[in-house]
file upload-v4.pdb (PDB, C-alpha atoms and all ligand atoms)
MODEL        1
ATOM      1  CA  MET A1436     110.216  79.504 126.975  1.00  0.00           C
ATOM      2  CA  ASN A1437     110.699  79.230 123.260  1.00  0.00           C
ATOM      3  CA  ARG A1438     108.980  78.198 120.017  1.00  0.00           C
ATOM      4  CA  ILE A1439     106.296  80.771 120.722  1.00  0.00           C
ATOM      5  CA  LEU A1440     104.237  82.147 117.874  1.00  0.00           C
ATOM      6  CA  VAL A1441     102.015  85.130 118.615  1.00  0.00           C
ATOM      7  CA  LEU A1442      99.409  86.206 116.084  1.00  0.00           C
ATOM      8  CA  VAL A1443      97.665  89.540 116.492  1.00  0.00           C
ATOM      9  CA  ARG A1444      95.121  91.237 114.284  1.00  0.00           C
ATOM     10  CA  HIS A1445      95.666  95.004 113.990  1.00  0.00           C
ATOM     11  CA  GLY A1446      93.681  97.314 116.269  1.00  0.00           C
ATOM     12  CA  GLN A1447      90.481  98.942 115.003  1.00  0.00           C
ATOM     13  CA  SER A1448      91.147 100.866 111.779  1.00  0.00           C
ATOM     14  CA  GLU A1449      89.394 103.980 110.494  1.00  0.00           C
ATOM     15  CA  TRP A1450      87.612 101.831 107.933  1.00  0.00           C
ATOM     16  CA  ASN A1451      86.606  99.192 110.514  1.00  0.00           C
ATOM     17  CA  LEU A1452      84.969 102.051 112.390  1.00  0.00           C
ATOM     18  CA  LYS A1453      83.186 103.260 109.250  1.00  0.00           C
ATOM     19  CA  ASN A1454      82.153  99.661 108.431  1.00  0.00           C
ATOM     20  CA  LEU A1455      83.828  99.730 105.001  1.00  0.00           C
ATOM     21  CA  PHE A1456      85.308  96.790 103.103  1.00  0.00           C
ATOM     22  CA  THR A1457      89.010  97.493 103.486  1.00  0.00           C
ATOM     23  CA  GLY A1458      91.132  94.806 101.849  1.00  0.00           C
ATOM     24  CA  TRP A1459      94.368  96.307 100.492  1.00  0.00           C
ATOM     25  CA  LYS A1460      93.381  99.946 101.195  1.00  0.00           C
ATOM     26  CA  ASP A1461      95.571 101.535 103.772  1.00  0.00           C
ATOM     27  CA  PRO A1462      93.698 103.349 106.570  1.00  0.00           C
ATOM     28  CA  ASP A1463      95.499 103.898 109.870  1.00  0.00           C
ATOM     29  CA  LEU A1464      94.283 102.944 113.351  1.00  0.00           C
ATOM     30  CA  THR A1465      91.575 104.878 115.180  1.00  0.00           C
ATOM     31  CA  GLU A1466      92.171 106.106 118.718  1.00  0.00           C
ATOM     32  CA  LYS A1467      90.474 102.932 119.920  1.00  0.00           C
ATOM     33  CA  GLY A1468      92.753 100.886 117.652  1.00  0.00           C
ATOM     34  CA  VAL A1469      95.805 102.566 119.161  1.00  0.00           C
ATOM     35  CA  ALA A1470      94.506 101.782 122.662  1.00  0.00           C
ATOM     36  CA  GLU A1471      93.906  98.144 121.659  1.00  0.00           C
ATOM     37  CA  ALA A1472      97.457  97.824 120.355  1.00  0.00           C
ATOM     38  CA  VAL A1473      98.885  99.405 123.506  1.00  0.00           C
ATOM     39  CA  ALA A1474      96.801  96.993 125.615  1.00  0.00           C
ATOM     40  CA  ALA A1475      98.070  94.055 123.525  1.00  0.00           C
ATOM     41  CA  GLY A1476     101.631  95.197 124.261  1.00  0.00           C
ATOM     42  CA  GLU A1477     100.883  95.341 127.985  1.00  0.00           C
ATOM     43  CA  LYS A1478      99.500  91.814 127.993  1.00  0.00           C
ATOM     44  CA  LEU A1479     102.538  90.488 126.143  1.00  0.00           C
ATOM     45  CA  ARG A1480     104.887  92.412 128.430  1.00  0.00           C
ATOM     46  CA  ASP A1481     103.237  90.688 131.418  1.00  0.00           C
ATOM     47  CA  LEU A1482     104.055  87.303 129.836  1.00  0.00           C
ATOM     48  CA  ARG A1483     107.720  88.354 129.557  1.00  0.00           C
ATOM     49  CA  ILE A1484     108.166  86.825 126.122  1.00  0.00           C
ATOM     50  CA  ARG A1485     111.341  88.008 124.360  1.00  0.00           C
ATOM     51  CA  PHE A1486     110.771  87.918 120.620  1.00  0.00           C
ATOM     52  CA  ASP A1487     113.492  87.097 118.095  1.00  0.00           C
ATOM     53  CA  VAL A1488     111.731  88.523 115.042  1.00  0.00           C
ATOM     54  CA  ALA A1489     108.447  90.150 114.009  1.00  0.00           C
ATOM     55  CA  TYR A1490     106.524  89.891 110.739  1.00  0.00           C
ATOM     56  CA  THR A1491     103.860  92.194 109.411  1.00  0.00           C
ATOM     57  CA  SER A1492     102.144  93.183 106.163  1.00  0.00           C
ATOM     58  CA  VAL A1493     102.896  96.234 104.033  1.00  0.00           C
ATOM     59  CA  LEU A1494      99.750  97.955 105.359  1.00  0.00           C
ATOM     60  CA  THR A1495      99.849 100.814 107.878  1.00  0.00           C
ATOM     61  CA  ARG A1496      97.278  99.471 110.356  1.00  0.00           C
ATOM     62  CA  ALA A1497      99.247  96.270 110.950  1.00  0.00           C
ATOM     63  CA  GLN A1498     102.636  98.030 111.068  1.00  0.00           C
ATOM     64  CA  HIS A1499     101.337 100.679 113.478  1.00  0.00           C
ATOM     65  CA  THR A1500      99.896  97.961 115.734  1.00  0.00           C
ATOM     66  CA  LEU A1501     103.210  96.135 115.687  1.00  0.00           C
ATOM     67  CA  ARG A1502     105.163  99.302 116.488  1.00  0.00           C
ATOM     68  CA  LEU A1503     102.966 100.045 119.515  1.00  0.00           C
ATOM     69  CA  ILE A1504     103.326  96.477 120.769  1.00  0.00           C
ATOM     70  CA  LEU A1505     107.101  96.511 120.349  1.00  0.00           C
ATOM     71  CA  ASP A1506     107.320  99.839 122.193  1.00  0.00           C
ATOM     72  CA  GLY A1507     105.177  98.345 124.971  1.00  0.00           C
ATOM     73  CA  ILE A1508     107.372  95.298 125.437  1.00  0.00           C
ATOM     74  CA  GLY A1509     110.629  97.263 125.242  1.00  0.00           C
ATOM     75  CA  GLN A1510     111.679  95.713 121.918  1.00  0.00           C
ATOM     76  CA  ALA A1511     111.344  98.716 119.622  1.00  0.00           C
ATOM     77  CA  ASP A1512     114.501  97.667 117.732  1.00  0.00           C
ATOM     78  CA  LEU A1513     113.398  94.117 117.010  1.00  0.00           C
ATOM     79  CA  GLU A1514     114.129  92.785 113.511  1.00  0.00           C
ATOM     80  CA  THR A1515     110.897  93.381 111.583  1.00  0.00           C
ATOM     81  CA  ILE A1516     110.069  91.844 108.234  1.00  0.00           C
ATOM     82  CA  ARG A1517     107.256  93.393 106.158  1.00  0.00           C
ATOM     83  CA  ASP A1518     105.752  91.385 103.342  1.00  0.00           C
ATOM     84  CA  GLN A1519     102.751  91.785 101.083  1.00  0.00           C
ATOM     85  CA  ALA A1520     102.076  88.050 101.519  1.00  0.00           C
ATOM     86  CA  LEU A1521     100.607  88.899 104.935  1.00  0.00           C
ATOM     87  CA  ASN A1522      98.252  91.593 103.603  1.00  0.00           C
ATOM     88  CA  GLU A1523      94.501  91.444 104.159  1.00  0.00           C
ATOM     89  CA  ARG A1524      92.411  89.544 101.641  1.00  0.00           C
ATOM     90  CA  ASP A1525      91.890  91.721  98.540  1.00  0.00           C
ATOM     91  CA  TYR A1526      88.195  92.669  98.504  1.00  0.00           C
ATOM     92  CA  GLY A1527      88.250  93.668  94.806  1.00  0.00           C
ATOM     93  CA  GLU A1528      85.279  95.757  93.718  1.00  0.00           C
ATOM     94  CA  LEU A1529      83.783  95.710  97.210  1.00  0.00           C
ATOM     95  CA  THR A1530      86.727  97.709  98.571  1.00  0.00           C
ATOM     96  CA  GLY A1531      85.512 101.009  99.997  1.00  0.00           C
ATOM     97  CA  LEU A1532      81.827 100.032 100.038  1.00  0.00           C
ATOM     98  CA  ASN A1533      79.923 100.255 103.289  1.00  0.00           C
ATOM     99  CA  LYS A1534      79.048  96.702 104.378  1.00  0.00           C
ATOM    100  CA  ASP A1535      75.412  97.612 105.168  1.00  0.00           C
ATOM    101  CA  ASP A1536      75.018  99.430 101.830  1.00  0.00           C
ATOM    102  CA  ALA A1537      76.469  96.355 100.093  1.00  0.00           C
ATOM    103  CA  ARG A1538      73.861  94.162 101.844  1.00  0.00           C
ATOM    104  CA  ALA A1539      71.082  96.511 100.709  1.00  0.00           C
ATOM    105  CA  ARG A1540      72.423  96.472  97.148  1.00  0.00           C
ATOM    106  CA  PHE A1541      73.414  92.821  96.630  1.00  0.00           C
ATOM    107  CA  GLY A1542      71.367  91.061  99.338  1.00  0.00           C
ATOM    108  CA  GLU A1543      72.338  89.798 102.779  1.00  0.00           C
ATOM    109  CA  GLU A1544      73.075  86.271 101.598  1.00  0.00           C
ATOM    110  CA  GLN A1545      75.321  87.244  98.692  1.00  0.00           C
ATOM    111  CA  VAL A1546      77.368  89.559 100.887  1.00  0.00           C
ATOM    112  CA  HIS A1547      77.690  86.843 103.518  1.00  0.00           C
ATOM    113  CA  ILE A1548      78.947  84.438 100.827  1.00  0.00           C
ATOM    114  CA  TRP A1549      81.529  86.984  99.660  1.00  0.00           C
ATOM    115  CA  ARG A1550      82.663  87.662 103.218  1.00  0.00           C
ATOM    116  CA  ARG A1551      82.569  84.228 104.730  1.00  0.00           C
ATOM    117  CA  SER A1552      82.534  81.469 102.132  1.00  0.00           C
ATOM    118  CA  PHE A1553      85.842  79.685 101.659  1.00  0.00           C
ATOM    119  CA  ASP A1554      86.246  79.697  97.921  1.00  0.00           C
ATOM    120  CA  VAL A1555      83.849  82.259  96.407  1.00  0.00           C
ATOM    121  CA  PRO A1556      85.807  85.456  95.640  1.00  0.00           C
ATOM    122  CA  PRO A1557      84.128  88.859  95.685  1.00  0.00           C
ATOM    123  CA  PRO A1558      84.109  90.405  92.163  1.00  0.00           C
ATOM    124  CA  GLY A1559      87.716  91.150  91.186  1.00  0.00           C
ATOM    125  CA  GLY A1560      89.042  90.093  94.595  1.00  0.00           C
ATOM    126  CA  GLU A1561      90.363  87.102  96.551  1.00  0.00           C
ATOM    127  CA  SER A1562      88.445  84.324  98.307  1.00  0.00           C
ATOM    128  CA  LEU A1563      89.829  83.115 101.618  1.00  0.00           C
ATOM    129  CA  LYS A1564      91.215  80.165  99.662  1.00  0.00           C
ATOM    130  CA  ASP A1565      93.085  82.559  97.343  1.00  0.00           C
ATOM    131  CA  THR A1566      94.379  84.431 100.389  1.00  0.00           C
ATOM    132  CA  ALA A1567      95.595  81.170 101.933  1.00  0.00           C
ATOM    133  CA  THR A1568      97.330  80.312  98.659  1.00  0.00           C
ATOM    134  CA  ARG A1569      99.622  83.344  99.048  1.00  0.00           C
ATOM    135  CA  VAL A1570      99.871  83.429 102.876  1.00  0.00           C
ATOM    136  CA  LEU A1571     100.663  79.771 103.569  1.00  0.00           C
ATOM    137  CA  PRO A1572     103.712  79.290 101.314  1.00  0.00           C
ATOM    138  CA  TYR A1573     105.212  82.420 102.905  1.00  0.00           C
ATOM    139  CA  PHE A1574     104.404  81.146 106.399  1.00  0.00           C
ATOM    140  CA  GLU A1575     105.901  77.747 105.672  1.00  0.00           C
ATOM    141  CA  ALA A1576     109.038  79.106 104.012  1.00  0.00           C
ATOM    142  CA  GLU A1577     109.800  82.110 106.222  1.00  0.00           C
ATOM    143  CA  ILE A1578     107.950  82.152 109.537  1.00  0.00           C
ATOM    144  CA  LEU A1579     107.419  78.567 110.678  1.00  0.00           C
ATOM    145  CA  PRO A1580     111.070  77.472 110.250  1.00  0.00           C
ATOM    146  CA  ARG A1581     112.155  80.241 112.628  1.00  0.00           C
ATOM    147  CA  VAL A1582     109.666  79.098 115.264  1.00  0.00           C
ATOM    148  CA  LEU A1583     110.676  75.464 114.831  1.00  0.00           C
ATOM    149  CA  LYS A1584     114.341  76.275 115.302  1.00  0.00           C
ATOM    150  CA  GLY A1585     113.452  77.641 118.731  1.00  0.00           C
ATOM    151  CA  GLU A1586     112.742  81.327 118.166  1.00  0.00           C
ATOM    152  CA  ASN A1587     109.819  83.391 119.426  1.00  0.00           C
ATOM    153  CA  VAL A1588     107.977  85.088 116.588  1.00  0.00           C
ATOM    154  CA  LEU A1589     105.362  87.844 116.567  1.00  0.00           C
ATOM    155  CA  VAL A1590     103.036  88.309 113.571  1.00  0.00           C
ATOM    156  CA  ALA A1591     100.844  91.430 113.311  1.00  0.00           C
ATOM    157  CA  ALA A1592      98.485  91.103 110.376  1.00  0.00           C
ATOM    158  CA  HIS A1593      94.817  91.035 109.346  1.00  0.00           C
ATOM    159  CA  GLY A1594      91.542  89.200 109.990  1.00  0.00           C
ATOM    160  CA  ASN A1595      91.638  87.083 106.850  1.00  0.00           C
ATOM    161  CA  SER A1596      95.395  86.595 106.410  1.00  0.00           C
ATOM    162  CA  LEU A1597      95.518  85.361 110.018  1.00  0.00           C
ATOM    163  CA  ARG A1598      92.521  83.106 109.433  1.00  0.00           C
ATOM    164  CA  ALA A1599      94.556  81.368 106.741  1.00  0.00           C
ATOM    165  CA  LEU A1600      97.438  80.845 109.201  1.00  0.00           C
ATOM    166  CA  ILE A1601      95.161  79.603 111.964  1.00  0.00           C
ATOM    167  CA  MET A1602      93.484  77.194 109.589  1.00  0.00           C
ATOM    168  CA  GLU A1603      96.857  75.632 108.823  1.00  0.00           C
ATOM    169  CA  LEU A1604      98.143  75.675 112.401  1.00  0.00           C
ATOM    170  CA  GLU A1605      95.021  74.227 113.969  1.00  0.00           C
ATOM    171  CA  GLY A1606      94.160  71.909 111.076  1.00  0.00           C
ATOM    172  CA  LEU A1607      90.713  73.463 110.534  1.00  0.00           C
ATOM    173  CA  ASN A1608      88.616  73.051 107.413  1.00  0.00           C
ATOM    174  CA  GLY A1609      87.190  75.949 105.392  1.00  0.00           C
ATOM    175  CA  GLU A1610      83.901  75.934 107.278  1.00  0.00           C
ATOM    176  CA  GLU A1611      85.482  75.807 110.725  1.00  0.00           C
ATOM    177  CA  ILE A1612      87.828  78.713 110.089  1.00  0.00           C
ATOM    178  CA  LEU A1613      85.090  80.921 108.681  1.00  0.00           C
ATOM    179  CA  ALA A1614      83.130  80.581 111.904  1.00  0.00           C
ATOM    180  CA  ARG A1615      86.104  82.184 113.732  1.00  0.00           C
ATOM    181  CA  GLU A1616      85.926  85.940 114.091  1.00  0.00           C
ATOM    182  CA  LEU A1617      89.240  87.459 115.172  1.00  0.00           C
ATOM    183  CA  ASP A1618      88.962  90.392 117.544  1.00  0.00           C
ATOM    184  CA  THR A1619      91.075  93.450 116.815  1.00  0.00           C
ATOM    185  CA  GLY A1620      94.190  93.756 118.972  1.00  0.00           C
ATOM    186  CA  ILE A1621      93.819  90.452 120.829  1.00  0.00           C
ATOM    187  CA  PRO A1622      97.037  88.392 120.769  1.00  0.00           C
ATOM    188  CA  ILE A1623      96.810  84.624 120.323  1.00  0.00           C
ATOM    189  CA  VAL A1624      99.821  82.907 121.875  1.00  0.00           C
ATOM    190  CA  TYR A1625     100.769  79.468 120.559  1.00  0.00           C
ATOM    191  CA  ARG A1626     103.602  77.342 121.848  1.00  0.00           C
ATOM    192  CA  LEU A1627     104.676  74.742 119.320  1.00  0.00           C
ATOM    193  CA  SER A1628     106.526  71.474 119.642  1.00  0.00           C
ATOM    194  CA  GLU A1629     109.638  70.699 117.580  1.00  0.00           C
ATOM    195  CA  ASP A1630     107.460  69.193 114.885  1.00  0.00           C
ATOM    196  CA  GLY A1631     104.999  72.068 114.776  1.00  0.00           C
ATOM    197  CA  GLU A1632     102.221  70.595 116.924  1.00  0.00           C
ATOM    198  CA  ILE A1633     100.404  73.015 119.215  1.00  0.00           C
ATOM    199  CA  VAL A1634     101.516  72.491 122.835  1.00  0.00           C
ATOM    200  CA  SER A1635      99.415  75.341 124.189  1.00  0.00           C
ATOM    201  CA  LYS A1636      97.223  78.163 122.973  1.00  0.00           C
ATOM    202  CA  ASP A1637      96.155  81.239 124.934  1.00  0.00           C
ATOM    203  CA  VAL A1638      93.912  84.011 123.676  1.00  0.00           C
ATOM    204  CA  LEU A1639      94.843  87.147 125.648  1.00  0.00           C
ATOM    205  CA  LYS A1640      91.357  88.559 126.119  1.00  0.00           C
ATOM    206  CA  ASP A1641      90.589  90.585 129.241  1.00  0.00           C
TER     207      ASP A1641
HETATM  208  O1  LIG A1701      87.079  94.772 105.309  1.00  0.00           O
HETATM  209  C1  LIG A1701      88.003  93.932 105.414  1.00  0.00           C
HETATM  210  O2  LIG A1701      89.085  94.000 104.787  1.00  0.00           O
HETATM  211  C2  LIG A1701      87.833  92.768 106.377  1.00  0.00           C
HETATM  212  C3  LIG A1701      88.486  93.000 107.713  1.00  0.00           C
HETATM  213  O3  LIG A1701      88.080  94.193 108.307  1.00  0.00           O
HETATM  214  O4  LIG A1701      86.463  92.595 106.556  1.00  0.00           O
HETATM  215  P1  LIG A1701      85.661  91.224 106.767  1.00  0.00           P
HETATM  216  O5  LIG A1701      85.633  90.981 108.255  1.00  0.00           O
HETATM  217  O6  LIG A1701      84.321  91.583 106.204  1.00  0.00           O
HETATM  218  O7  LIG A1701      86.325  90.119 106.009  1.00  0.00           O
ENDMDL
END
call {"tool": "encode", "arguments": {"input": "upload-v4.pdb", "output": "structure tokens"}}
result
Amino acid sequence: MNRILVLVRHGQSEWNLKNLFTGWKDPDLTEKGVAEAVAAGEKLRDLRIRFDVAYTSVLTRAQHTLRLILDGIGQADLETIRDQALNERDYGELTGLNKDDARARFGEEQVHIWRRSFDVPPPGGESLKDTATRVLPYFEAEILPRVLKGENVLVAAHGNSLRALIMELEGLNGEEILARELDTGIPIVYRLSEDGEIVSKDVLKD
């Protein structure tokens, strides 16, 4: 089996647990997040995919998730490329605020718009559209060509940077992608055709 692209959001982070806007801040995984990453590795090991390369962001929670997965599948020495292009969406001035406190302060609707509209950025931060503008050129230049030449590629990244990738891969519009919530530590396994069409997609949920 080749031309496999696996996308996995990092396991639960300390700031996910505290319900804080995280963005480019760098908390590590919680115990639950570690267990999620280990479980993701077990599921991938059962599929017996041998990866040719892995990509991740420059943030600890994604790198730690990737490391646990690679240990789990017996590929701890796999070539790993870390790039800021795969970082979480920058939440600007919301970074570090509790999401419930932000709703109380700015109103439920405004916070929903900041979190889940396509092109309205939070103050000082990136919209999903802005995130896609940095993630997609990197994906198209670095990651996709390796899949299309027949390699198996693992990407461990973040809720919103992966949304941008999924939007492109699945041809979704801004509204459709925002309705997708990505679970922490759940691998999505795509097999692509030579021209980048999706041949199959499996979400490795229990
Ligand atoms: O806080 C964040 O950086 C992200 C991901 O945890 O949150 P949201 O789901 O609100 O976009």
call {"tool": "resolve_selection", "arguments": {"input": "upload-v4.pdb", "expression": "the PyMOL selection byres (((not hetatm)) within 8 of (chain A and resi 1701))", "output": "PDB file with C-alpha atoms, keeping the file's coordinate frame"}}
result
ATOM      1  CA  TRP A1450      87.612 101.831 107.933  1.00  0.00           C
ATOM      2  CA  ASN A1451      86.606  99.192 110.514  1.00  0.00           C
ATOM      3  CA  ASN A1454      82.153  99.661 108.431  1.00  0.00           C
ATOM      4  CA  LEU A1455      83.828  99.730 105.001  1.00  0.00           C
ATOM      5  CA  PHE A1456      85.308  96.790 103.103  1.00  0.00           C
ATOM      6  CA  THR A1457      89.010  97.493 103.486  1.00  0.00           C
ATOM      7  CA  GLY A1458      91.132  94.806 101.849  1.00  0.00           C
ATOM      8  CA  TRP A1459      94.368  96.307 100.492  1.00  0.00           C
ATOM      9  CA  GLU A1523      94.501  91.444 104.159  1.00  0.00           C
ATOM     10  CA  ARG A1524      92.411  89.544 101.641  1.00  0.00           C
ATOM     11  CA  ASP A1525      91.890  91.721  98.540  1.00  0.00           C
ATOM     12  CA  TYR A1526      88.195  92.669  98.504  1.00  0.00           C
ATOM     13  CA  THR A1530      86.727  97.709  98.571  1.00  0.00           C
ATOM     14  CA  LYS A1534      79.048  96.702 104.378  1.00  0.00           C
ATOM     15  CA  ARG A1550      82.663  87.662 103.218  1.00  0.00           C
ATOM     16  CA  ARG A1551      82.569  84.228 104.730  1.00  0.00           C
ATOM     17  CA  HIS A1593      94.817  91.035 109.346  1.00  0.00           C
ATOM     18  CA  GLY A1594      91.542  89.200 109.990  1.00  0.00           C
ATOM     19  CA  ASN A1595      91.638  87.083 106.850  1.00  0.00           C
ATOM     20  CA  GLU A1616      85.926  85.940 114.091  1.00  0.00           C
TER      21      GLU A1616
END
call {"tool": "atom_distance", "arguments": {"input": "upload-v4.pdb", "atom1": "CA of Arg1615 in chain A", "atom2": "CA of Leu1442 in chain A"}}
result
14.1 Å
call {"tool": "resolve_selection", "arguments": {"input": "upload-v4.pdb", "expression": "the PyMOL selection byres (((chain A and resi 1470) around 12) and not hetatm)", "output": "list in words"}}
result
His1445, Gly1446, Gln1447, Ser1448, Leu1464, Thr1465, Glu1466, Lys1467, Gly1468, Val1469, Glu1471, Ala1472, Val1473, Ala1474, Ala1475, Gly1476, Glu1477, His1499, Thr1500, Leu1503, Ile1504, Gly1507, Thr1619, Gly1620 and Ile1621 of chain A
call {"tool": "write_last_selection", "arguments": {"input": "upload-v4.pdb", "atoms": "C-alpha atoms", "output": "PDB file, keeping the file's coordinate frame"}}
result
ATOM      1  CA  HIS A1445      95.666  95.004 113.990  1.00  0.00           C
ATOM      2  CA  GLY A1446      93.681  97.314 116.269  1.00  0.00           C
ATOM      3  CA  GLN A1447      90.481  98.942 115.003  1.00  0.00           C
ATOM      4  CA  SER A1448      91.147 100.866 111.779  1.00  0.00           C
ATOM      5  CA  LEU A1464      94.283 102.944 113.351  1.00  0.00           C
ATOM      6  CA  THR A1465      91.575 104.878 115.180  1.00  0.00           C
ATOM      7  CA  GLU A1466      92.171 106.106 118.718  1.00  0.00           C
ATOM      8  CA  LYS A1467      90.474 102.932 119.920  1.00  0.00           C
ATOM      9  CA  GLY A1468      92.753 100.886 117.652  1.00  0.00           C
ATOM     10  CA  VAL A1469      95.805 102.566 119.161  1.00  0.00           C
ATOM     11  CA  GLU A1471      93.906  98.144 121.659  1.00  0.00           C
ATOM     12  CA  ALA A1472      97.457  97.824 120.355  1.00  0.00           C
ATOM     13  CA  VAL A1473      98.885  99.405 123.506  1.00  0.00           C
ATOM     14  CA  ALA A1474      96.801  96.993 125.615  1.00  0.00           C
ATOM     15  CA  ALA A1475      98.070  94.055 123.525  1.00  0.00           C
ATOM     16  CA  GLY A1476     101.631  95.197 124.261  1.00  0.00           C
ATOM     17  CA  GLU A1477     100.883  95.341 127.985  1.00  0.00           C
ATOM     18  CA  HIS A1499     101.337 100.679 113.478  1.00  0.00           C
ATOM     19  CA  THR A1500      99.896  97.961 115.734  1.00  0.00           C
ATOM     20  CA  LEU A1503     102.966 100.045 119.515  1.00  0.00           C
ATOM     21  CA  ILE A1504     103.326  96.477 120.769  1.00  0.00           C
ATOM     22  CA  GLY A1507     105.177  98.345 124.971  1.00  0.00           C
ATOM     23  CA  THR A1619      91.075  93.450 116.815  1.00  0.00           C
ATOM     24  CA  GLY A1620      94.190  93.756 118.972  1.00  0.00           C
ATOM     25  CA  ILE A1621      93.819  90.452 120.829  1.00  0.00           C
TER      26      ILE A1621
END
call {"tool": "atom_distance", "arguments": {"input": "upload-v4.pdb", "atom1": "CA of Ser1562 in chain A", "atom2": "CA of Val1441 in chain A"}}
result
24.4 Å
call {"tool": "resolve_selection", "arguments": {"input": "upload-v4.pdb", "expression": "the PyMOL selection byres (((chain A and resi 1591) around 8) and not hetatm)", "output": "JSON, numbers by chain"}}
result
{"A": [1442, 1443, 1444, 1445, 1489, 1490, 1491, 1492, 1497, 1498, 1500, 1501, 1589, 1590, 1592, 1593]}
call {"tool": "atom_distance", "arguments": {"input": "upload-v4.pdb", "atom1": "CA of Ser1596 in chain A", "atom2": "CA of Leu1563 in chain A"}}
result
8.1 Å
call {"tool": "residues_around", "arguments": {"input": "upload-v4.pdb", "residues": "range 1508-1511 of chain A", "least_positions_apart": "6", "cutoff": "10 Å", "atoms": "all atoms listed in the file", "output": "VMD selection string"}}
result
chain A and resid 1473 1475 to 1488 1501 to 1502
call {"tool": "build_atoms", "arguments": {"input": "upload-v4.pdb", "residues": "range 1504-1515 of chain A", "atoms": "N, CA and C atoms", "output": "short mmCIF file (atom, residue, chain, number, x, y, z; two decimals), keeping the file's coordinate frame"}}
result
data_model
loop_
_atom_site.label_atom_id
_atom_site.label_comp_id
_atom_site.auth_asym_id
_atom_site.auth_seq_id
_atom_site.Cartn_x
_atom_site.Cartn_y
_atom_site.Cartn_z
N ILE A 1504 103.06 97.66 119.94
CA ILE A 1504 103.33 96.48 120.77
C ILE A 1504 104.82 96.40 121.11
N LEU A 1505 105.65 96.61 120.10
CA LEU A 1505 107.10 96.51 120.35
C LEU A 1505 107.57 97.58 121.33
N ASP A 1506 106.99 98.79 121.21
CA ASP A 1506 107.32 99.84 122.19
C ASP A 1506 106.91 99.36 123.59
N GLY A 1507 105.73 98.77 123.67
CA GLY A 1507 105.18 98.34 124.97
C GLY A 1507 105.99 97.25 125.63
N ILE A 1508 106.60 96.40 124.84
CA ILE A 1508 107.37 95.30 125.44
C ILE A 1508 108.86 95.63 125.51
N GLY A 1509 109.22 96.86 125.16
CA GLY A 1509 110.63 97.26 125.24
C GLY A 1509 111.49 96.61 124.17
N GLN A 1510 110.89 96.31 123.01
CA GLN A 1510 111.68 95.71 121.92
C GLN A 1510 111.52 96.53 120.63
N ALA A 1511 111.57 97.83 120.77
CA ALA A 1511 111.34 98.72 119.62
C ALA A 1511 112.32 98.45 118.47
N ASP A 1512 113.50 97.89 118.79
CA ASP A 1512 114.50 97.67 117.73
C ASP A 1512 114.48 96.25 117.16
N LEU A 1513 113.44 95.51 117.48
CA LEU A 1513 113.40 94.12 117.01
C LEU A 1513 113.43 94.04 115.47
N GLU A 1514 114.15 93.04 114.96
CA GLU A 1514 114.13 92.78 113.51
C GLU A 1514 112.67 92.63 113.05
N THR A 1515 112.29 93.42 112.05
CA THR A 1515 110.90 93.38 111.58
C THR A 1515 110.88 93.17 110.08
#
